[in-house]
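A.B. asks: Questions regarding the structure given below will be posed in turn.
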Amino acid sequence: MNQPPSKWQPSWRERLLDPSDRTLAVLLLAPAFALLALIVAYPILRLIWNSGFELRLSGGSVARFVGLQNYADLLQDREFWSALGNTLLITAITVPGALVVGMGLALLANLPFKRRWPVRLALLLPWALPLSFVGLIFAWFFHTDYGIVNDLLVRLGMKEPPMWLLDRGLGLAAICIAIIWKTSSFMALILLAGLQMIPRSLYEAAEVDGASRWQQFWQITVPMLMPSIVVALIFRTITALQTFDIPFTMTRGGPGHTTETLAMLIHKTTIDYLDVGYGSTQAVAMFLISLCVTAAYLRRIGKE
Amino acid sequence: MAAIELRQVRKSYDGRVPIIHGIDLEVRQGEFVVFVGPSGCGKSTLLRMIAGLETISGGEILIDGEVVNERPPRARDIAMVFQDYALYPHKTLFENMAFGLRLRKTPEAEVQRRVGEVAALLRIEHMLQRKPRELSGGQRQRVAIGRAIVRQPKVFLFDEPLSNLDAQLRNEMRAEIKRLHQRLGATIVYVTHDQTEAMTLADRICVLQGGHKMQFDTPEAVYNRPAAQFVAGFTGAPPMNLLRCTVQDGQAELGQGVRLALPANLRGHSGTQVLGVRPENLTLEPRPDADLQLQGRLSLIEPLGAETLLTVQVGEHELVARVGADFHGQSGQALTLHLASAQLHLFDANDGRALRSA
Amino acid sequence: MAAIELRQVRKSYDGRVPIIHGIDLEVRQGEFVVFVGPSGCGKSTLLRMIAGLETISGGEILIDGEVVNERPPRARDIAMVFQDYALYPHKTLFENMAFGLRLRKTPEAEVQRRVGEVAALLRIEHMLQRKPRELSGGQRQRVAIGRAIVRQPKVFLFDEPLSNLDAQLRNEMRAEIKRLHQRLGATIVYVTHDQTEAMTLADRICVLQGGHKMQFDTPEAVYNRPAAQFVAGFTGAPPMNLLRCTVQDGQAELGQGVRLALPANLRGHSGTQVLGVRPENLTLEPRPDADLQLQGRLSLIEPLGAETLLTVQVGEHELVARVGADFHGQSGQALTLHLASAQLHLFDANDGRALRSA
Amino acid sequence: MTGNSLDRWFESPALRRLAAALVVINGFFPALWVLLTSLKSEAELVQQPISYLPQNPSLANYARAFADQPLLSYLGNSFIVAGLATLGSLLVATGAAYAIARLNLRHRQLVLTAIVASSMFPLVTLLVPIFETMRVLGLLNTYTALVLPYVVLNLPVCTLVLVSFFQSIPRDLENAALIDGCTRIGALVKVVLPLAAPGLFTAGILAFVNAWDEFLLALSLNASAGMRTVPVGITLYQGEFAFPWPIISAALVVAIVPVAVLIALFQERVVGGLTQGGLKG
Amino acid sequence: EVRLRVFVGGSNQRPDLMRKLFDQYLADKPGLTIDIETGGATSDLQRQYLSTVLNARDNALDAFLIDIVNPAQYFQAGWLEPLDAHLGPADQLLAPYLAVYREANVVQGRVAALPAFADALFMYYRRDLLDKHGLPQPRTWEELGRVARQVQQAEGNPKLQGLSLQGAPVEGAVCTFLLPYWSQGKAVQDPQGRSVFDAAAAARGLQQWVTLMDQGVIKRNVAEVKTPDTVNEFKAGKVLFALNWSWAWDRFEQDADSQVRGKVGVMPLPAMTGGQSATCTGGWQWAVSAFSRHKAEAARLVQFLSTPEASRFLAVRGALLPTYAELYTHPEVVAQVPWFADAAAVVRHARSRPVSARYGEVSDALRSATNAVLARSRQPADAAADVESRLRRVMR
Ligand SMILES: Nc1ncnc2c1ncn2[C@@H]1O[C@H](COP(=O)(O)OP(=O)(O)OP(=O)(O)O)[C@@H](O)[C@H]1O
Ligand SMILES: Nc1ncnc2c1ncn2[C@@H]1O[C@H](COP(=O)(O)OP(=O)(O)OP(=O)(O)O)[C@@H](O)[C@H]1O
Ligand SMILES: [Mg+2]
Ligand SMILES: [Mg+2]
């Protein structure tokens, strides 16, 4: 009936359609890596290359190779350290902040509501709102005169409500709130997925073992969520280190440069100052920092 | 005083059709009770209600004489072993077992001692520092049991603890649980749908079907005096042969002219009934007590090594007989099956009730 | 010509220690061969090498006389039934079964006819439009088998097809597979670790251990003349009692002064050996062929309904005896076990080889 | 079945409703604010105390939003770009994820890390080189110019989702297909992909939303009027000297609605897809 | 067959009017087509876009509009085609324009761009309120403070802002910084472009704003005020004096929701006490890309776009300020936009922000200093010192 040919002689067409595992792997990975090379690797190499030059377009200067001079300058650059400090501060606040808020949202969204879609939609909406507009909206919320926050404070009886965006501390707080609001959503999404994979029987076992709700949360939920938490943290940390749109729209780095982040500084150096060499240096530095942080995470996962 | 008592316990999941229809049950102190029944009959639900993991829709559950309807699981002093073990994947075996003790603020020395003892009992001392995923199924099961034992609760609940294990391991663990029970003298309620487990482990078996208690008796009684056709068909491997027949004048007419005389205690019923006979009660050789015979034709031979299963076509019915390993014959040959009228069972064709002297 | 032939087949996963150590095997046309062995012994690996799902590290596999080492699975004209069914969840039953035919560009009418026939054979005609998730385990298993049959391949491969089913269903499906084999006359290689399946289904059983072929023979031979201690301990439920002993002058010394006379064909060996006797060969009553006796003390009684398992302490050994359901006794009582020297087995304590007339 | 230790804390319906309200308010409030603003007049925005509900709700701002800028054309471009980017991301990520999950790659972890690490470079800094690349390839002001970087942008998360998804599909299903007569690629297309549909779906939505929202690249690479996407288009309502919040809000509402509808329709699948695949490290 | 692509930024550059000009130009030029490209509504976004395109040496754009602060920067980056190469020597080419535009567009003796339309910071005020309370137009910032407080008290409206200006770190804050500094007779750079920054004067200037804030004339959160905020608040009748660009006039007088229609006046900017009035120019220039493949054609187009006729067209049709002095009194213009008469004086006295190849850094230094002071996060003197050191580095 289905007699195969007595000798197994695949046609060229069949061979083409049936590559070996290794060839197939190469074929399947090729597009991804081609794109990465084009969109990421080449630009990064360009940046690294540029960072070795004095390349100030508006200085009318021709590119002049300066070796590591740009990096040496970077170490002396107060603005860079201040931006780095702000970036790290924002990261240090918003990453745990988003984790806590996201966890809360995920736990609440995981309750067996009768009608689940409004909750789910509410959970996902912040994530779907374009980042640059989130900044605008929150800048509006925190506006001294016309913002909702101060309006509420006044209604609560405050005479002179704070000028949120005109103070480094309050400004950073407002920025962090906006960032946490925006990013806790995706965090919650990942955690919610993680939550749903914890077998109910573990809670039942703990219940029988005598654990209270609180103990169950710390002894079961948190450790079981750890893989999801780590994934979420990695993504969140990488994006936190790149924070740009929200402070850019909310405070523009003001007052002075006190709320400027690294990405804003790099943007300013490259686009406003047209200082490509130094901007590239700052970008490479930022990349190295991201790399260190991620490596630290990965090390930790490796240990688990 | 009963260790566990169920009084007219009912359950329905929020407003839907009831799952458990008013069950009364008493489990004595130190008794090993097994719930058996087909999938979906409500075994787990009942067990979980005892544990406090499901709310009780009606009736009362008493543990040690106290109504516990409103108590959360942790206040019931029970331990439970789950089908999928439900070990905490992120804790070591030691911590898995110690968890319940720690929650009760047991002094560390005591924790060490008790976990150590139980681990020794279950032969898992050498792997206390491992995580559950580094264990085989049988080892995990042991840890799950250890976790239950270590707390020394009033009552143990087991929900199909062996069903994820392979046959060999299942046998071993079964013996282990039996030994544990004898040793600890604990009160145990055990859910399974494996009848070998039920038969070997139970002091008493509670057979459930569709949320009803069908029979609650010793394994011997359940096996030899099934209270209902359902129970008869559920026990024994292979299970009892059940033959629809018409009973009249103390004779069961099996169709195609095959008749069997009923013993005295089964007479007095008439109409359509179901006649039952266990495979091991059908023999090829005459024996002193075998006062009846059936002629048939051999349709399938399954040698199992220690014994052989024969499927025999008798009239329109197929009967399975369980004979010695030394059987030699071949498919299609004619056979005479000998059976004793005293080993016949009769069930009402409508409601499945076992019929005895009318 | 052999349907399948394995010549010195070896396997190691990229550079690691070998899993299969040079196995030779011939499966005859139309034969039902079962691979048994404990978990991890390489049964699945071997089967998957035949299927072409694993590369072959050494040796040759022939199907229908042709070396197929280099052929992809689809060119081997085989069908396989997987442990977890591996039905395509997104296709209807019909499409699940038709998939292989469609890939071979079978005309639609032919597809309809063949799927219809097979569905009828397996009694699943009425659910052909359902998706696999709407089926019970047994039904799924049937579809998986149907998918294999419908292609009418040269060889069927089954990898523990019944191990996910509950006991009752397992029995049913086992009989069904047996019937199918008789009807289709197909060549089947079947992997299981359930010995009941192996015993009832196989024309020949291949017992594997640690990647080695231990015995390849009929079920009867494997059960009654195990070629190795491992095989003896693996077959039978409960398995053969294996007792370490010192043999001298045709006598096996079991320790604590317990001695057994060996039959003529087992004499001539001496030193430390392992003596084997099957539980069903130990009886409480004397019988004509039982020329030996052992005194012991009853330590555990497990009534199974149709029979009872007794664990008896004899000297320093624990023996399991399989006796009738009518046994009445109690733990701790003294017993005499009767056995026939002709039913004794003797194994080399070092390499486990069965010892016969030297 | 899934569990949540909070279940019983929130047994009371009142508490549970409160919890739901909390989540809903947190999530909806800013969007709701935008919606309300879009119904107000510009003068209303500089009132003190601020007015919460529009005093004279009107749809005039929507009319302006569509009249002042070719909003429909922006929407069209956004759909095309986001749609193509989604398809592209899925295509590329599927290939990569399958290779990582299934084919016995020697350096799988390294490959995966390389893909994830690609997201560690802030886009802001890559802008100029990317622009240059696109210019050299002659792709500026084409859909491709945005689609390619968006695919890369989405690659890490799509690949992670799909890898765990592929890993959750039993290998024997593929084996069954091989035995039934498929080639490796055939098995991928006919069996694995249909089964990974929920994962593809999840990854697809993630990719779509990301692409829909992207601003910086869209601004720089596709500046010509005919190729603008919505986020870029929306900024055009503002001027150096004017920031017409109500009109911008109206446009913003128009821009959010498609994504919100998408999410509302498929929220179960977004979450479910992540769950089933188990987004793990 | 030549196809020119011209970048016209956002709506404030009036692409609609530019299109009409292009069409006029194209009327007698068969074979030539012009496509308009817009992108980025604010000068920030436009700068972002142009930087990206030009950085990549892209030839997609042939000509574009740039802000008055950019010619030097872009020219020295090598992005702009010197127009004198196509249209004749610099002095000739730029002679007819207002002086500030002449200066801004000549870089290193070459013509970097040609003026398209002018702009300047104006002092808008509520004529009705000053009239009502019989108060004069203030001449100095101090006086402005007094006047404002009198009106605030008389109106009994503490919410009425005396003065609204731009304190957010946007380009407008550069002017906010420069206005009081300039009015003390100080300059930022010498003719060679070197820094001659006077930190003390700068501190005094900043202090002036702080004083006005302390007096409640400037609102306390002025550091978050951007250009449109001033417009909106003035329009809503909440501001007495407002600094803003010419463009705001239309919004005050023509917007449907304007509360101040017919009540607005324009006056010369107040000075620091003892100084003289000074304001800031804005405005846009036409430049030709150095990477264009049709430089000659683009240069001719640009020449057309910066003729008096074109400027008049923009003035009449779009109320865009002319770059030619005489147009301010041109009958057609005056008929259409009467207030240009007042504007002429302001524009003529307007000064250009520092011309520097590194204007980006200059701007950042000034605006962030202003913002920091107005947010009260830095003392005027400290901020001025920061600016000084920064400018010394940048403007060598
Ligand atoms: N949470 C639930 N909501 C609604 N119905 C349920 C729920 N849990 C179980 N049921 C139903 O209750 C019945 C009894 O379920 P239960 O789990 O007790 O059966 P079981 O006897 O343990 O079966 P099995 O042997 O398959 O475990 C079933 O019909 C099941 O569908
Ligand atoms: N992909 C693999 N890579 C490395 N080792 C493997 C792989 N698959 C199986 N093995 C090893 O090969 C040995 C044999 O495995 P195999 O699956 O054939 O056993 P089996 O006899 O089928 O066992 P079971 O009864 O548990 O299915 C085991 O030790 C297993 O750990
Ligand atoms: Mg159950
Ligand atoms: Mg296997």
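Residues in the structure tokens are named by chain (A, B, ... in the order shown) and by number from 1 within that chain; ligands are numbered from 1 in the order shown.
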Throw together the list of residues within 9 Å of ligand 3, counting only C-alpha atoms and all ligand atoms, and drop it here as a list in words.
C.D. replies: Ser39, Gly40, Cys41, Gly42, Lys43, Ser44, Thr45, Leu47, Gln83, Asp159, Glu160, Val191, Thr192 and His193 of chain B
A.B. asks: Hey, what's within 10 Å of Arg127 (chain E) if we count only C-alpha atoms and toss same-chain stuff fewer than 2 positions away? As a PyMOL selection string, please?
C.D. replies: chain E and resi 124-125+129-132+135-137+240-241+260+262-267
A.B. asks: By how many Å are CA of Gln254 (chain E) and CA of Gln48 (chain D) apart?
C.D. replies: 23.6 Å
A.B. asks: Write out as CSV the residues of chain C that have any atom within 12 Å of an atom of ligand 2, one row each with the nearest atom pair and its distance in Å to one decimal, counting only C-alpha atoms and all ligand atoms, sorted by chain and then rising number.
C.D. replies:
```
residue,atom,partner,partner_atom_place_in_ligand_line,distance
C:Arg10,CA,ligand 2,12 (O),11.8
C:Lys11,CA,ligand 2,12 (O),8.9
C:Ser12,CA,ligand 2,5 (N),7.8
C:Tyr13,CA,ligand 2,4 (C),5.1
C:Asp14,CA,ligand 2,4 (C),7.8
C:Gly15,CA,ligand 2,4 (C),9.7
C:Arg16,CA,ligand 2,4 (C),7.8
C:Val17,CA,ligand 2,5 (N),8.9
C:Pro18,CA,ligand 2,12 (O),8.4
C:Ile19,CA,ligand 2,12 (O),5.4
C:Ile20,CA,ligand 2,14 (C),7.9
C:His21,CA,ligand 2,14 (C),11.4
C:Phe35,CA,ligand 2,21 (O),8.8
C:Val36,CA,ligand 2,21 (O),7.9
C:Gly37,CA,ligand 2,21 (O),6.5
C:Pro38,CA,ligand 2,25 (O),5.9
C:Ser39,CA,ligand 2,25 (O),3.5
C:Gly40,CA,ligand 2,19 (O),3.4
C:Cys41,CA,ligand 2,21 (O),4.0
C:Gly42,CA,ligand 2,18 (O),3.2
C:Lys43,CA,ligand 2,21 (O),3.8
C:Ser44,CA,ligand 2,22 (O),3.5
C:Thr45,CA,ligand 2,18 (O),3.6
C:Leu46,CA,ligand 2,18 (O),6.4
C:Leu47,CA,ligand 2,18 (O),7.9
C:Arg48,CA,ligand 2,18 (O),8.2
C:Met49,CA,ligand 2,18 (O),9.7
C:Leu53,CA,ligand 2,1 (N),10.8
C:Glu54,CA,ligand 2,1 (N),8.8
C:Thr55,CA,ligand 2,1 (N),10.9
C:Phe82,CA,ligand 2,27 (O),10.9
C:Gln83,CA,ligand 2,27 (O),8.9
C:Asp84,CA,ligand 2,27 (O),11.4
C:Phe158,CA,ligand 2,22 (O),11.3
C:Asp159,CA,ligand 2,22 (O),7.9
C:Glu160,CA,ligand 2,27 (O),7.7
C:Pro161,CA,ligand 2,27 (O),11.0
C:Ser163,CA,ligand 2,25 (O),9.9
C:Tyr190,CA,ligand 2,22 (O),11.2
C:Val191,CA,ligand 2,22 (O),7.7
C:Thr192,CA,ligand 2,25 (O),7.1
C:His193,CA,ligand 2,25 (O),6.2
C:Asp194,CA,ligand 2,25 (O),9.6
C:Val207,CA,ligand 2,21 (O),10.5
C:Leu208,CA,ligand 2,21 (O),8.1
C:Gln209,CA,ligand 2,21 (O),8.4
C:Gly210,CA,ligand 2,14 (C),7.9
C:Gly211,CA,ligand 2,14 (C),7.5
C:His212,CA,ligand 2,21 (O),11.0
C:Lys213,CA,ligand 2,21 (O),12.0
```
A.B. asks: Restricted to C-alpha atoms, what would the selected residues look like written as a short mmCIF file (atom, residue, chain, number, x, y, z; two decimals), in the first residue's frame?
C.D. replies:
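Just written: again_1.cif:
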```
data_model
loop_
_atom_site.label_atom_id
_atom_site.label_comp_id
_atom_site.auth_asym_id
_atom_site.auth_seq_id
_atom_site.Cartn_x
_atom_site.Cartn_y
_atom_site.Cartn_z
CA ARG C 10 24.05 0.87 21.15
CA LYS C 11 23.05 4.26 22.39
CA SER C 12 24.68 7.00 24.34
CA TYR C 13 23.39 10.53 24.63
CA ASP C 14 25.98 12.86 23.25
CA GLY C 15 29.16 11.55 24.68
CA ARG C 16 27.76 10.51 28.01
CA VAL C 17 27.79 7.01 29.46
CA PRO C 18 26.06 4.46 27.22
CA ILE C 19 22.40 3.73 27.88
CA ILE C 20 22.01 0.73 25.60
CA HIS C 21 24.87 -1.73 25.46
CA PHE C 35 9.90 -4.94 26.39
CA VAL C 36 9.74 -4.90 30.16
CA GLY C 37 12.11 -3.65 32.74
CA PRO C 38 12.34 -1.18 35.56
CA SER C 39 12.19 2.53 35.03
CA GLY C 40 15.22 3.91 33.28
CA CYS C 41 16.41 0.60 31.86
CA GLY C 42 16.24 1.90 28.31
CA LYS C 43 12.97 0.45 27.04
CA SER C 44 11.71 3.70 25.62
CA THR C 45 15.07 4.58 24.20
CA LEU C 46 15.24 1.31 22.34
CA LEU C 47 11.72 1.69 21.02
CA ARG C 48 12.39 5.24 19.92
CA MET C 49 15.50 4.13 18.10
CA LEU C 53 13.14 9.32 16.97
CA GLU C 54 16.57 8.80 18.45
CA THR C 55 19.80 8.52 16.56
CA PHE C 82 2.63 7.10 23.04
CA GLN C 83 2.24 6.88 26.79
CA ASP C 84 0.42 10.18 27.06
CA PHE C 158 3.61 1.05 21.80
CA ASP C 159 5.29 2.94 24.63
CA GLU C 160 3.48 2.20 27.88
CA PRO C 161 0.17 2.95 26.25
CA SER C 163 0.06 3.41 32.15
CA TYR C 190 5.24 -2.93 23.15
CA VAL C 191 6.94 -1.29 26.10
CA THR C 192 5.58 -1.58 29.60
CA HIS C 193 6.70 -1.97 33.12
CA ASP C 194 3.50 -3.68 34.10
CA VAL C 207 13.36 -8.24 29.82
CA LEU C 208 15.80 -5.36 29.96
CA GLN C 209 17.95 -4.12 32.75
CA GLY C 210 20.37 -1.23 32.66
CA GLY C 211 20.52 -1.32 28.88
CA HIS C 212 21.19 -5.05 28.73
CA LYS C 213 18.91 -7.76 27.39
#
```
A.B. asks: From the options B:Ala354, B:Leu304, B:Val143, B:Val312, which residue's atoms come nearest to Ala202 (chain C), counting only C-alpha atoms?
C.D. replies: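 Once distances to Ala202 (chain C) are computed over only C-alpha atoms, the minimum belongs to B:Leu304.
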A.B. asks: Taking 4 positions as the minimum chain separation for residues in the same chain, which residues sit within 7 Å of Gln229 (chain B) when counting only C-alpha atoms? Answer as an MDAnalysis selection string.
C.D. replies: chainID B and resid 233 347 352:354
A.B. asks: Fewer than 3 positions away in the same chain doesn't count, so skip those; otherwise give me all residues within 10 Å of Pro244 (chain D), counting only C-alpha atoms, as JSON, numbers by chain.
C.D. replies: {"D": [38, 41, 42, 45, 61, 237, 238, 239, 241, 247, 248, 249], "E": [228, 232]}
A.B. asks: Print the selection's residues with C-alpha atoms to a file, as a PDB file, in the first residue's frame.
C.D. replies:
```
ATOM      1  CA  SER D  38     -11.388  65.484  25.961  1.00  0.00           C
ATOM      2  CA  SER D  41     -12.997  73.272  26.803  1.00  0.00           C
ATOM      3  CA  GLU D  42      -9.490  74.596  27.059  1.00  0.00           C
ATOM      4  CA  LEU D  45      -8.537  73.414  32.336  1.00  0.00           C
ATOM      5  CA  ASN D  61     -12.554  68.327  20.466  1.00  0.00           C
ATOM      6  CA  TYR D 237      -1.608  68.990  17.863  1.00  0.00           C
ATOM      7  CA  GLN D 238       0.635  70.846  20.166  1.00  0.00           C
ATOM      8  CA  GLY D 239       2.741  73.666  18.989  1.00  0.00           C
ATOM      9  CA  PHE D 241       3.091  78.025  21.738  1.00  0.00           C
ATOM     10  CA  ILE D 247      -7.847  68.111  21.568  1.00  0.00           C
ATOM     11  CA  ILE D 248      -4.810  66.089  22.436  1.00  0.00           C
ATOM     12  CA  SER D 249      -6.903  64.193  24.947  1.00  0.00           C
TER      13      SER D 249
ATOM     14  CA  PRO E 228       1.537  77.913  26.240  1.00  0.00           C
ATOM     15  CA  ASN E 232      -3.666  80.142  28.427  1.00  0.00           C
TER      16      ASN E 232
END
```
A.B. asks: Mind checking DSSP for region 31-215 of chain B and telling me the strand (DSSP E or B) residues as an MDAnalysis selection string?
C.D. replies: chainID B and resid 32:36 58:63 66:67 78:81 155:159 187:191 204:209 212:215
A.B. asks: Could you please determine the separation between CA of Thr187 (chain B) and CA of Arg225 (chain B) in Å, to one decimal place?
C.D. replies: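 Between CA of Thr187 (chain B) and CA of Arg225 (chain B) the gap works out to 25.3 Å.
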A.B. asks: Skip Thr251 (chain A) itself and residues of its chain fewer than 5 positions away, then list as a VMD selection string all residues within 9 Å of it, counting only C-alpha atoms.
C.D. replies: (chain A and resid 139 165 to 166 171 to 172 175 246 259 to 260) or (chain E and resid 168 to 169 224)
A.B. asks: So, with only C-alpha atoms and all ligand atoms as the atoms that count, which of C:Gly296, C:Gly137, C:Gly52, C:Pro153 lies closest to ligand 1?
C.D. replies: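 Distance minimum relative to ligand 1 lands on C:Gly137.
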A.B. asks: Counting only C-alpha atoms, what is within 10 Å of Val259 (chain D), bar same-chain residues fewer than 4 positions away, as a PDB file with N, CA, C and O atoms, in the first residue's frame?
C.D. replies:
```pdb
ATOM      1  N   LEU A 125      -4.464  48.282  31.459  1.00  0.00           N
ATOM      2  CA  LEU A 125      -4.560  49.574  30.784  1.00  0.00           C
ATOM      3  C   LEU A 125      -3.302  50.438  30.941  1.00  0.00           C
ATOM      4  O   LEU A 125      -2.813  51.002  29.956  1.00  0.00           O
ATOM      5  N   ALA A 128      -0.789  49.660  28.526  1.00  0.00           N
ATOM      6  CA  ALA A 128      -1.076  49.957  27.130  1.00  0.00           C
ATOM      7  C   ALA A 128      -1.010  51.447  26.820  1.00  0.00           C
ATOM      8  O   ALA A 128      -1.038  51.837  25.666  1.00  0.00           O
ATOM      9  N   LEU A 129      -0.944  52.268  27.841  1.00  0.00           N
ATOM     10  CA  LEU A 129      -0.900  53.707  27.610  1.00  0.00           C
ATOM     11  C   LEU A 129       0.518  54.112  27.193  1.00  0.00           C
ATOM     12  O   LEU A 129       1.465  53.781  27.878  1.00  0.00           O
TER      13      LEU A 129
ATOM     14  N   ILE D 205       0.117  40.088  21.252  1.00  0.00           N
ATOM     15  CA  ILE D 205      -0.476  41.274  21.878  1.00  0.00           C
ATOM     16  C   ILE D 205       0.599  42.137  22.520  1.00  0.00           C
ATOM     17  O   ILE D 205       0.601  43.363  22.384  1.00  0.00           O
ATOM     18  N   PHE D 208       2.212  43.909  19.745  1.00  0.00           N
ATOM     19  CA  PHE D 208       1.346  44.908  19.142  1.00  0.00           C
ATOM     20  C   PHE D 208       1.312  46.172  19.988  1.00  0.00           C
ATOM     21  O   PHE D 208       1.482  47.279  19.492  1.00  0.00           O
ATOM     22  N   VAL D 209       1.109  45.980  21.274  1.00  0.00           N
ATOM     23  CA  VAL D 209       1.001  47.152  22.148  1.00  0.00           C
ATOM     24  C   VAL D 209       2.303  47.933  22.161  1.00  0.00           C
ATOM     25  O   VAL D 209       2.315  49.157  22.050  1.00  0.00           O
ATOM     26  N   TRP D 212       2.599  49.769  18.953  1.00  0.00           N
ATOM     27  CA  TRP D 212       1.587  50.819  18.861  1.00  0.00           C
ATOM     28  C   TRP D 212       2.025  52.064  19.627  1.00  0.00           C
ATOM     29  O   TRP D 212       1.753  53.191  19.238  1.00  0.00           O
ATOM     30  N   ASP D 213       2.706  51.832  20.736  1.00  0.00           N
ATOM     31  CA  ASP D 213       3.043  52.942  21.629  1.00  0.00           C
ATOM     32  C   ASP D 213       4.357  53.627  21.311  1.00  0.00           C
ATOM     33  O   ASP D 213       4.640  54.685  21.845  1.00  0.00           O
ATOM     34  N   VAL D 254      -8.777  58.417  21.115  1.00  0.00           N
ATOM     35  CA  VAL D 254      -8.888  57.669  19.858  1.00  0.00           C
ATOM     36  C   VAL D 254      -7.735  56.677  19.723  1.00  0.00           C
ATOM     37  O   VAL D 254      -7.901  55.564  19.237  1.00  0.00           O
ATOM     38  N   ALA D 255      -6.557  57.067  20.192  1.00  0.00           N
ATOM     39  CA  ALA D 255      -5.404  56.186  20.063  1.00  0.00           C
ATOM     40  C   ALA D 255      -5.446  55.036  21.055  1.00  0.00           C
ATOM     41  O   ALA D 255      -4.978  53.941  20.760  1.00  0.00           O
ATOM     42  N   ILE D 263      -7.286  44.669  24.346  1.00  0.00           N
ATOM     43  CA  ILE D 263      -6.985  44.062  25.633  1.00  0.00           C
ATOM     44  C   ILE D 263      -8.260  43.576  26.308  1.00  0.00           C
ATOM     45  O   ILE D 263      -8.302  42.486  26.880  1.00  0.00           O
ATOM     46  N   ALA D 264      -9.311  44.385  26.218  1.00  0.00           N
ATOM     47  CA  ALA D 264     -10.554  43.981  26.864  1.00  0.00           C
ATOM     48  C   ALA D 264     -11.049  42.663  26.260  1.00  0.00           C
ATOM     49  O   ALA D 264     -11.499  41.766  26.965  1.00  0.00           O
ATOM     50  N   LEU D 265     -10.922  42.556  24.939  1.00  0.00           N
ATOM     51  CA  LEU D 265     -11.405  41.336  24.289  1.00  0.00           C
ATOM     52  C   LEU D 265     -10.568  40.127  24.677  1.00  0.00           C
ATOM     53  O   LEU D 265     -11.078  39.037  24.850  1.00  0.00           O
TER      54      LEU D 265
END
```
A.B. asks: Can you tell me which residues surround Leu47 (chain A) at a distance of at most 8 Å, considering only C-alpha atoms, apart from same-chain residues fewer than 4 positions away, and format the answer as a PyMOL selection string?
C.D. replies: (chain A and resi 43+51+280-281+283-284) or (chain D and resi 126)
A.B. asks: Take the residues that were just selected and, keeping N, CA, C and O atoms, output them as a CSV table (one decimal), in the first residue's frame.
C.D. replies:
```
chain,number,residue,atom,x,y,z
A,43,PRO,N,24.8,49.3,15.5
A,43,PRO,CA,24.8,50.6,16.2
A,43,PRO,C,25.7,50.6,17.5
A,43,PRO,O,26.3,51.6,17.8
A,51,SER,N,32.9,56.4,20.7
A,51,SER,CA,33.3,56.9,22.0
A,51,SER,C,34.8,57.1,22.1
A,51,SER,O,35.3,57.6,23.1
A,280,SER,N,28.3,59.1,22.9
A,280,SER,CA,28.5,57.7,22.7
A,280,SER,C,29.1,57.1,24.0
A,280,SER,O,28.8,56.0,24.4
A,281,THR,N,30.1,57.9,24.5
A,281,THR,CA,30.8,57.4,25.7
A,281,THR,C,29.8,57.2,26.8
A,281,THR,O,29.8,56.2,27.5
A,283,ALA,N,26.7,56.6,26.6
A,283,ALA,CA,25.8,55.5,26.2
A,283,ALA,C,26.5,54.2,26.5
A,283,ALA,O,25.9,53.3,27.1
A,284,VAL,N,27.8,54.1,26.2
A,284,VAL,CA,28.5,52.9,26.5
A,284,VAL,C,28.6,52.6,28.0
A,284,VAL,O,28.4,51.5,28.4
D,126,LEU,N,20.6,54.6,20.4
D,126,LEU,CA,20.9,53.9,19.2
D,126,LEU,C,20.2,54.7,18.0
D,126,LEU,O,20.4,54.2,16.9
```
